[in-house]
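Undergrad: Provided herewith: my_file_33.pdb, PDB, C-alpha atoms.
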```pdb
ATOM      1  CA  MET X   1      18.622   3.570 112.950
ATOM      2  CA  GLN X   2      16.132   6.180 111.811
ATOM      3  CA  ILE X   3      13.103   6.437 109.550
ATOM      4  CA  ALA X   4      14.158   7.839 106.164
ATOM      5  CA  HIS X   5      10.988   7.547 104.058
ATOM      6  CA  ILE X   6       7.261   7.167 104.672
ATOM      7  CA  LEU X   7       5.100   6.106 101.722
ATOM      8  CA  ARG X   8       1.470   5.241 101.132
ATOM      9  CA  HIS X   9      -0.420   3.871  98.146
ATOM     10  CA  PRO X  10      -4.086   4.967  98.357
ATOM     11  CA  LEU X  11      -5.143   3.063  95.213
ATOM     12  CA  LYS X  12      -3.457  -0.341  95.242
ATOM     13  CA  SER X  13      -0.847  -0.689  92.450
ATOM     14  CA  HIS X  14      -1.812   2.712  91.052
ATOM     15  CA  GLY X  15       0.604   5.277  92.460
ATOM     16  CA  ARG X  16       2.707   6.096  95.512
ATOM     17  CA  GLU X  17       2.825   9.172  97.709
ATOM     18  CA  ALA X  18       5.644  10.321 100.006
ATOM     19  CA  LEU X  19       4.749  11.644 103.460
ATOM     20  CA  THR X  20       6.708  13.395 106.195
ATOM     21  CA  SER X  21       4.667  11.850 109.010
ATOM     22  CA  VAL X  22       1.846   9.420 109.687
ATOM     23  CA  ALA X  23      -0.300   8.444 112.676
ATOM     24  CA  LEU X  24      -0.658   4.661 112.854
ATOM     25  CA  ARG X  25      -3.712   3.055 114.455
ATOM     26  CA  SER X  26      -3.686  -0.169 116.450
ATOM     27  CA  GLY X  27      -4.829  -3.169 114.406
ATOM     28  CA  GLU X  28      -5.035  -1.243 111.135
ATOM     29  CA  ALA X  29      -2.965  -0.771 108.011
ATOM     30  CA  MET X  30      -1.355   2.612 107.389
ATOM     31  CA  PRO X  31      -4.092   5.256 107.075
ATOM     32  CA  TRP X  32      -5.195   5.640 103.449
ATOM     33  CA  ASP X  33      -2.843   2.896 102.283
ATOM     34  CA  ARG X  34      -4.493   0.614  99.716
ATOM     35  CA  VAL X  35      -7.935   1.775 100.801
ATOM     36  CA  TRP X  36      -9.025   1.353  97.191
ATOM     37  CA  ALA X  37      -8.150  -1.298  94.614
ATOM     38  CA  VAL X  38      -9.017  -1.793  90.946
ATOM     39  CA  ALA X  39     -10.927  -5.044  90.532
ATOM     40  CA  HIS X  40     -10.681  -6.634  87.094
ATOM     41  CA  GLU X  41     -13.580  -8.089  85.152
ATOM     42  CA  ALA X  42     -12.966 -11.648  86.424
ATOM     43  CA  SER X  43     -12.684 -10.574  90.073
ATOM     44  CA  LYS X  44     -15.098 -11.582  92.826
ATOM     45  CA  ALA X  45     -14.035  -8.707  95.101
ATOM     46  CA  ASP X  46     -16.834  -6.364  96.137
ATOM     47  CA  GLY X  47     -15.256  -4.412  99.007
ATOM     48  CA  SER X  48     -17.200  -6.204 101.741
ATOM     49  CA  SER X  49     -14.050  -7.996 102.938
ATOM     50  CA  TRP X  50     -10.364  -8.463 102.191
ATOM     51  CA  ALA X  51      -9.540 -10.182  98.897
ATOM     52  CA  HIS X  52      -6.360 -11.740  97.512
ATOM     53  CA  CYS X  53      -4.234  -9.624  95.177
ATOM     54  CA  ALA X  54      -5.125 -11.914  92.240
ATOM     55  CA  ASN X  55      -8.503 -10.140  92.165
ATOM     56  CA  PHE X  56      -6.965  -6.810  91.196
ATOM     57  CA  SER X  57      -5.111  -5.024  88.427
ATOM     58  CA  ARG X  58      -1.495  -4.863  89.597
ATOM     59  CA  GLY X  59       2.059  -4.276  88.520
ATOM     60  CA  SER X  60       3.028  -7.928  88.222
ATOM     61  CA  LYS X  61       0.665  -8.247  85.237
ATOM     62  CA  ALA X  62       0.746  -4.638  84.016
ATOM     63  CA  PRO X  63       4.218  -3.135  84.579
ATOM     64  CA  GLY X  64       3.108   0.209  83.164
ATOM     65  CA  LEU X  65       1.172   0.819  86.377
ATOM     66  CA  LEU X  66       4.432   1.097  88.327
ATOM     67  CA  ALA X  67       5.165   4.530  86.821
ATOM     68  CA  ILE X  68       2.071   6.108  88.380
ATOM     69  CA  SER X  69       2.545   8.682  91.136
ATOM     70  CA  SER X  70      -0.346   9.803  93.330
ATOM     71  CA  LYS X  71      -1.465  12.477  95.753
ATOM     72  CA  LEU X  72      -4.564  12.142  97.906
ATOM     73  CA  ASP X  73      -6.655  15.082  99.089
ATOM     74  CA  GLU X  74      -7.925  13.425 102.259
ATOM     75  CA  ALA X  75     -10.592  16.026 103.041
ATOM     76  CA  ASN X  76     -12.354  15.589  99.695
ATOM     77  CA  GLU X  77     -11.096  12.073  98.938
ATOM     78  CA  GLN X  78      -9.887  13.296  95.576
ATOM     79  CA  LEU X  79      -7.037  11.273  94.096
ATOM     80  CA  HIS X  80      -4.587  12.907  91.688
ATOM     81  CA  LEU X  81      -2.548  10.612  89.432
ATOM     82  CA  THR X  82       0.371  11.304  87.095
ATOM     83  CA  HIS X  83       2.178   9.054  84.602
ATOM     84  CA  PRO X  84       4.857   9.880  82.025
ATOM     85  CA  ASN X  85       2.668   8.597  79.178
ATOM     86  CA  ARG X  86      -0.776   9.761  80.318
ATOM     87  CA  PRO X  87      -2.417  13.122  81.035
ATOM     88  CA  ASN X  88      -2.846  14.037  84.678
ATOM     89  CA  LEU X  89      -6.021  12.675  86.241
ATOM     90  CA  SER X  90      -8.070  13.845  89.231
ATOM     91  CA  PHE X  91     -11.094  11.862  90.379
ATOM     92  CA  HIS X  92     -13.032  10.495  93.351
ATOM     93  CA  PRO X  93     -12.469   6.723  93.480
ATOM     94  CA  ASP X  94     -15.941   6.019  94.872
ATOM     95  CA  THR X  95     -18.006   8.080  92.447
ATOM     96  CA  GLU X  96     -15.821   8.556  89.379
ATOM     97  CA  ALA X  97     -14.258   5.147  88.861
ATOM     98  CA  ASP X  98     -15.093   5.306  85.160
ATOM     99  CA  LYS X  99     -12.530   8.083  84.738
ATOM    100  CA  LEU X 100      -9.781   5.851  86.114
ATOM    101  CA  ILE X 101     -10.894   2.810  84.100
ATOM    102  CA  GLU X 102     -10.690   4.805  80.856
ATOM    103  CA  TRP X 103      -7.404   6.494  81.817
ATOM    104  CA  VAL X 104      -5.613   3.267  82.662
ATOM    105  CA  GLN X 105      -6.537   1.285  79.527
ATOM    106  CA  PRO X 106      -3.325   2.110  77.590
ATOM    107  CA  LEU X 107      -1.263   0.915  80.561
ATOM    108  CA  VAL X 108      -2.693  -2.588  80.894
ATOM    109  CA  PRO X 109      -2.408  -5.681  78.645
ATOM    110  CA  GLN X 110      -5.515  -6.085  76.539
ATOM    111  CA  ASP X 111      -5.260  -9.902  76.458
ATOM    112  CA  ARG X 112      -5.908 -10.242  80.214
ATOM    113  CA  ALA X 113      -8.904  -9.535  82.425
ATOM    114  CA  LEU X 114      -9.362  -5.777  82.101
ATOM    115  CA  PRO X 115      -9.923  -3.203  84.879
ATOM    116  CA  ASP X 116     -13.621  -3.106  85.694
ATOM    117  CA  ARG X 117     -14.378  -1.207  88.927
ATOM    118  CA  ILE X 118     -12.895   0.270  92.089
ATOM    119  CA  VAL X 119     -13.611  -1.312  95.468
ATOM    120  CA  ARG X 120     -12.975   0.193  98.902
ATOM    121  CA  LEU X 121     -12.015  -1.256 102.285
ATOM    122  CA  ASP X 122     -11.422   1.275 105.063
ATOM    123  CA  GLY X 123      -9.005   0.580 107.924
ATOM    124  CA  ARG X 124      -8.165  -2.910 106.744
ATOM    125  CA  GLY X 125      -7.037  -1.939 103.270
ATOM    126  CA  PHE X 126      -6.219  -4.313 100.399
ATOM    127  CA  THR X 127      -2.746  -5.150 101.656
ATOM    128  CA  ASP X 128      -1.074  -8.237 100.185
ATOM    129  CA  SER X 129      -1.158  -9.890 103.620
ATOM    130  CA  ASP X 130      -4.241 -11.569 105.053
ATOM    131  CA  PHE X 131      -4.018  -9.267 108.085
ATOM    132  CA  PRO X 132      -3.903  -5.434 108.230
ATOM    133  CA  SER X 133      -0.208  -4.763 107.747
ATOM    134  CA  VAL X 134       2.413  -2.060 107.485
ATOM    135  CA  THR X 135       5.609  -2.911 105.609
ATOM    136  CA  LEU X 136       9.007  -2.076 107.089
ATOM    137  CA  CYS X 137      11.924  -1.783 104.639
ATOM    138  CA  ASN X 138      15.666  -1.533 105.238
ATOM    139  CA  LEU X 139      17.697   0.811 103.025
ATOM    140  CA  ALA X 140      20.793  -1.309 103.694
ATOM    141  CA  SER X 141      19.031  -4.310 102.150
ATOM    142  CA  HIS X 142      18.058  -2.134  99.186
ATOM    143  CA  ARG X 143      21.680  -1.091  98.735
ATOM    144  CA  ALA X 144      22.759  -4.742  98.879
ATOM    145  CA  VAL X 145      20.390  -5.543  96.011
ATOM    146  CA  GLU X 146      21.734  -2.572  94.033
ATOM    147  CA  GLN X 147      25.308  -3.739  94.582
ATOM    148  CA  GLN X 148      24.533  -7.296  93.532
ATOM    149  CA  LEU X 149      22.642  -6.109  90.454
ATOM    150  CA  GLY X 150      25.321  -3.570  89.533
ATOM    151  CA  HIS X 151      23.290  -0.386  89.271
ATOM    152  CA  ALA X 152      21.009   1.951  91.220
ATOM    153  CA  LEU X 153      17.350   1.141  91.816
ATOM    154  CA  SER X 154      14.376   3.199  92.920
ATOM    155  CA  ILE X 155      12.972   2.273  96.323
ATOM    156  CA  HIS X 156       9.523   2.532  94.735
ATOM    157  CA  ARG X 157       9.998  -0.910  93.170
ATOM    158  CA  TRP X 158       9.252  -2.366  96.615
ATOM    159  CA  ARG X 159       6.078  -0.336  97.341
ATOM    160  CA  GLY X 160       6.866  -0.278 101.069
ATOM    161  CA  ASN X 161       5.502   1.959 103.818
ATOM    162  CA  LEU X 162       8.218   2.680 106.390
ATOM    163  CA  TRP X 163      11.879   2.852 105.357
ATOM    164  CA  PHE X 164      14.677   2.896 107.914
ATOM    165  CA  ASP X 165      18.403   3.295 107.367
ATOM    166  CA  SER X 166      20.913   0.939 108.941
ATOM    167  CA  ASP X 167      24.401  -0.416 108.346
ATOM    168  CA  GLU X 168      23.361  -4.068 108.153
ATOM    169  CA  PRO X 169      21.375  -5.593 105.258
ATOM    170  CA  TRP X 170      18.661  -8.135 106.003
ATOM    171  CA  ILE X 171      18.774  -7.445 109.749
ATOM    172  CA  GLU X 172      15.007  -6.981 109.600
ATOM    173  CA  PHE X 173      14.574 -10.707 108.956
ATOM    174  CA  ASP X 174      16.218 -11.419 112.326
ATOM    175  CA  TRP X 175      13.562  -9.341 114.096
ATOM    176  CA  MET X 176      10.646 -11.599 113.160
ATOM    177  CA  GLY X 177       8.130 -11.881 116.002
ATOM    178  CA  ARG X 178       9.641  -8.956 117.888
ATOM    179  CA  ASP X 179       8.181  -5.546 118.663
ATOM    180  CA  ILE X 180       9.731  -2.440 117.112
ATOM    181  CA  ARG X 181       9.240   1.025 118.584
ATOM    182  CA  ILE X 182       9.175   3.851 116.047
ATOM    183  CA  GLY X 183       8.259   7.326 117.246
ATOM    184  CA  GLY X 184       5.009   6.987 119.187
ATOM    185  CA  ALA X 185       3.994   3.643 117.638
ATOM    186  CA  THR X 186       4.912   0.010 118.202
ATOM    187  CA  ILE X 187       4.721  -2.588 115.441
ATOM    188  CA  ARG X 188       5.199  -6.368 115.634
ATOM    189  CA  LEU X 189       6.966  -8.062 112.727
ATOM    190  CA  ARG X 190       4.987 -11.064 111.507
ATOM    191  CA  GLU X 191       6.239 -12.220 108.117
ATOM    192  CA  ARG X 192       8.684 -11.591 105.319
ATOM    193  CA  THR X 193       7.337 -10.090 102.102
ATOM    194  CA  ASP X 194       7.662 -12.451  99.157
ATOM    195  CA  ARG X 195       8.210 -10.652  95.874
ATOM    196  CA  CYS X 196       6.737 -10.870  92.370
ATOM    197  CA  LEU X 197       7.332  -9.555  88.857
ATOM    198  CA  ALA X 198       6.130  -6.072  89.844
ATOM    199  CA  THR X 199       9.626  -5.388  91.181
ATOM    200  CA  THR X 200      11.143  -5.851  87.725
ATOM    201  CA  ALA X 201       9.447  -2.699  86.374
ATOM    202  CA  ASN X 202      11.134   0.698  86.498
ATOM    203  CA  PRO X 203       8.943   3.112  88.526
ATOM    204  CA  GLU X 204       9.986   5.993  86.289
ATOM    205  CA  THR X 205       9.110   4.372  82.953
ATOM    206  CA  GLY X 206       6.865   1.390  83.696
ATOM    207  CA  GLU X 207       9.177  -0.828  81.624
ATOM    208  CA  ARG X 208      10.649  -4.093  82.923
ATOM    209  CA  ASP X 209      14.385  -3.573  83.062
ATOM    210  CA  ALA X 210      15.893  -5.493  86.006
ATOM    211  CA  ASP X 211      15.956  -9.129  87.103
ATOM    212  CA  ILE X 212      15.086  -8.414  90.727
ATOM    213  CA  LEU X 213      13.816 -11.922  91.496
ATOM    214  CA  GLY X 214      16.946 -13.507  90.075
ATOM    215  CA  THR X 215      19.103 -11.079  92.029
ATOM    216  CA  LEU X 216      17.360 -11.914  95.312
ATOM    217  CA  LYS X 217      18.183 -15.583  94.756
ATOM    218  CA  HIS X 218      21.783 -14.658  95.547
ATOM    219  CA  TRP X 219      20.601 -14.757  99.176
ATOM    220  CA  ASP X 220      18.571 -17.949  98.629
ATOM    221  CA  HIS X 221      15.211 -16.217  98.859
ATOM    222  CA  GLN X 222      12.930 -13.864  96.916
ATOM    223  CA  ASP X 223      11.875 -11.677  99.847
ATOM    224  CA  PHE X 224      12.233  -7.985 100.571
ATOM    225  CA  SER X 225      10.848  -6.088 103.581
ATOM    226  CA  VAL X 226       8.747  -7.418 106.447
ATOM    227  CA  ARG X 227       5.050  -7.130 107.165
ATOM    228  CA  ALA X 228       4.051  -5.941 110.602
ATOM    229  CA  GLU X 229       0.908  -5.395 112.629
ATOM    230  CA  VAL X 230       0.408  -2.203 114.597
ATOM    231  CA  VAL X 231       0.151  -3.187 118.274
ATOM    232  CA  GLU X 232       0.235   0.375 119.620
ATOM    233  CA  GLY X 233      -0.870   3.306 117.532
ATOM    234  CA  GLY X 234       0.899   6.634 117.468
ATOM    235  CA  PRO X 235       2.712   9.188 115.311
ATOM    236  CA  ILE X 236       5.786   8.445 113.202
ATOM    237  CA  THR X 237       7.872  11.171 111.569
ATOM    238  CA  ILE X 238      10.881  11.045 109.274
ATOM    239  CA  GLY X 239      13.967  11.012 111.495
ATOM    240  CA  ASP X 240      12.325   9.004 114.279
ATOM    241  CA  THR X 241      14.518   6.335 115.890
ATOM    242  CA  VAL X 242      13.828   2.650 115.191
ATOM    243  CA  LYS X 243      14.313   0.588 118.359
ATOM    244  CA  VAL X 244      14.007  -3.172 118.695
ATOM    245  CA  LEU X 245      12.277  -3.971 122.017
TER     246      LEU X 245
END
```
Go through the file and emit its structure as structure tokens.

TA:
Amino acid sequence: MQIAHILRHPLKSHGREALTSVALRSGEAMPWDRVWAVAHEASKADGSSWAHCANFSRGSKAPGLLAISSKLDEANEQLHLTHPNRPNLSFHPDTEADKLIEWVQPLVPQDRALPDRIVRLDGRGFTDSDFPSVTLCNLASHRAVEQQLGHALSIHRWRGNLWFDSDEPWIEFDWMGRDIRIGGATIRLRERTDRCLATTANPETGERDADILGTLKHWDHQDFSVRAEVVEGGPITIGDTVKVL
């Protein structure tokens, strides 16, 4: 089993970026993953601590957000966003949030709490778990969902971090509580990732076009991927072996 994809999402629910390698840090989320999040006008989040995903603009409520791609210039903390229906946008999330708020308006429902501000949480990140997590996804499980649904799906529907390839779907659920060695890092699997309506949106178009939640019920659950904590930091590169300890 080897790592096939590495992905991060610097601005929660607003873009994904493919990497060839990453250096994980003990007790932290993936570097630059969900460091920023877009708080809506009814949110209490201020960036001083972790907050539940209900405080933020996200794909489950605004499927159009799923079609955003991103690229982060780490040195200058400039974020570059693209979307098939919007002009390209470059901005600094800390100092130019107003640019993002204006840019995203056509992509969000106007009858819900609207995007209001960007908040930041270094190291911890605004992951969907109440602990700093990295998500591990199995391409075999993804293929099983495709087969059950009857057509191909983008892996970006799942917004995962580390993707490995195996011959056995759902094997990752059997590893719960165990340590996994990947490259120079060790992660401990803590919980399955329960899924929401965000997965129903096509990451190329931002339109809902697949009953992912209904499809997952074929296996008597609505979960995909597992959340893990980093117990030993180190580098991970595409092609690295995944070993269950």

Undergrad: Report as JSON, numbers by chain all protein, DNA and RNA residues lying within 12 Å of Gln110 in chain X, evaluated on only C-alpha atoms, omitting residues in the same chain fewer than 4 positions from it.

TA: {"X": [40, 41, 57, 61, 62, 104, 105, 106, 114, 115]}

Undergrad: Determine the nearest neighbour of Ala144 in chain X from the options X:Ile212, X:Ile182, X:Glu17, X:Asp111, counting all atoms listed in the file.

TA: X:Ile212

Undergrad: Could you give me, as a list of chain:residue names, the residues within 10 Å of Asp174 in chain X, counting only C-alpha atoms and dropping anything in the same chain fewer than 4 positions from it?

TA: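 The contact residues come out as X:Trp170, X:Arg178, X:Leu189.
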
Undergrad: Convert the output of the PyMOL selection byres ((chain X and resi 116-118) around 12) on the shown file into explicit residues, formatted as a ChimeraX atom specification.

TA: /X:10-12,14,34-47,55-57,91-102,104-105,108,112-115,119-121,126

Undergrad: What residues come out when you apply the PyMOL selection byres ((chain X and resi 216-221) around 10) to this file, written as an mmCIF file with C-alpha atoms, in the coordinates of the input?

TA:
```
data_model
loop_
_atom_site.group_PDB
_atom_site.id
_atom_site.type_symbol
_atom_site.label_atom_id
_atom_site.label_comp_id
_atom_site.auth_asym_id
_atom_site.auth_seq_id
_atom_site.Cartn_x
_atom_site.Cartn_y
_atom_site.Cartn_z
ATOM 1 C CA ALA X 144 22.759 -4.742 98.879
ATOM 2 C CA VAL X 145 20.390 -5.543 96.011
ATOM 3 C CA GLN X 148 24.533 -7.296 93.532
ATOM 4 C CA LEU X 149 22.642 -6.109 90.454
ATOM 5 C CA TRP X 170 18.661 -8.135 106.003
ATOM 6 C CA ASP X 194 7.662 -12.451 99.157
ATOM 7 C CA ARG X 195 8.210 -10.652 95.874
ATOM 8 C CA ASP X 211 15.956 -9.129 87.103
ATOM 9 C CA ILE X 212 15.086 -8.414 90.727
ATOM 10 C CA LEU X 213 13.816 -11.922 91.496
ATOM 11 C CA GLY X 214 16.946 -13.507 90.075
ATOM 12 C CA THR X 215 19.103 -11.079 92.029
ATOM 13 C CA GLN X 222 12.930 -13.864 96.916
ATOM 14 C CA ASP X 223 11.875 -11.677 99.847
ATOM 15 C CA PHE X 224 12.233 -7.985 100.571
#
```

Undergrad: Given the file above and the PyMOL selection byres ((chain X and resi 237) around 7), which residues are selected, and can you give them as a PyMOL selection string?

TA: chain X and resi 20-22+183+235-236+238-240

Undergrad: Keeping only C-alpha atoms, take the residues you just selected and write them out as a CSV table (one decimal), keeping the file's coordinate frame.

TA:
```
chain,number,residue,atom,x,y,z
X,20,THR,CA,6.7,13.4,106.2
X,21,SER,CA,4.7,11.8,109.0
X,22,VAL,CA,1.8,9.4,109.7
X,183,GLY,CA,8.3,7.3,117.2
X,235,PRO,CA,2.7,9.2,115.3
X,236,ILE,CA,5.8,8.4,113.2
X,238,ILE,CA,10.9,11.0,109.3
X,239,GLY,CA,14.0,11.0,111.5
X,240,ASP,CA,12.3,9.0,114.3
```

Undergrad: Quick one: pull the distance between CA of His9 in chain X and CA of Asp33 in chain X, Å, one decimal.

TA: 4.9 Å

Undergrad: Go through X:Arg159, X:Gln78, X:Trp103, X:Ser133 one by one, measure the shortest atom-to-atom distance of each to Ser13 in chain X using all atoms listed in the file, and give the residue with the smallest value.

TA: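 Going through X:Arg159, X:Gln78, X:Trp103, X:Ser133 one by one, the smallest distance to Ser13 in chain X is for X:Arg159.
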
Undergrad: Restricting the calculation to all atoms listed in the file: of X:Val226, X:Ala23, X:Leu79, X:Val244, which residue gets closest to Phe173 in chain X?

TA: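 Going through X:Val226, X:Ala23, X:Leu79, X:Val244 one by one, the smallest distance to Phe173 in chain X is for X:Val226.
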
Undergrad: Using only C-alpha atoms, can you tell me which of X:Glu204, X:Asp179, X:Glu229, X:Asp167 comes closest to Ala67 in chain X?

TA: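 Smallest separation from Ala67 in chain X among the options: X:Glu204.
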
Undergrad: At what distance in Å, to one decimal, does CA of Ala210 in chain X lie from CA of Leu66 in chain X?

TA: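 Going from CA of Leu66 in chain X over to CA of Ala210 in chain X, I get 13.4 Å.
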
Undergrad: What is the distance between CA of Asp165 in chain X and CA of Leu153 in chain X, in Å to one decimal?

TA: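 Going from CA of Asp165 in chain X over to CA of Leu153 in chain X, I get 15.7 Å.
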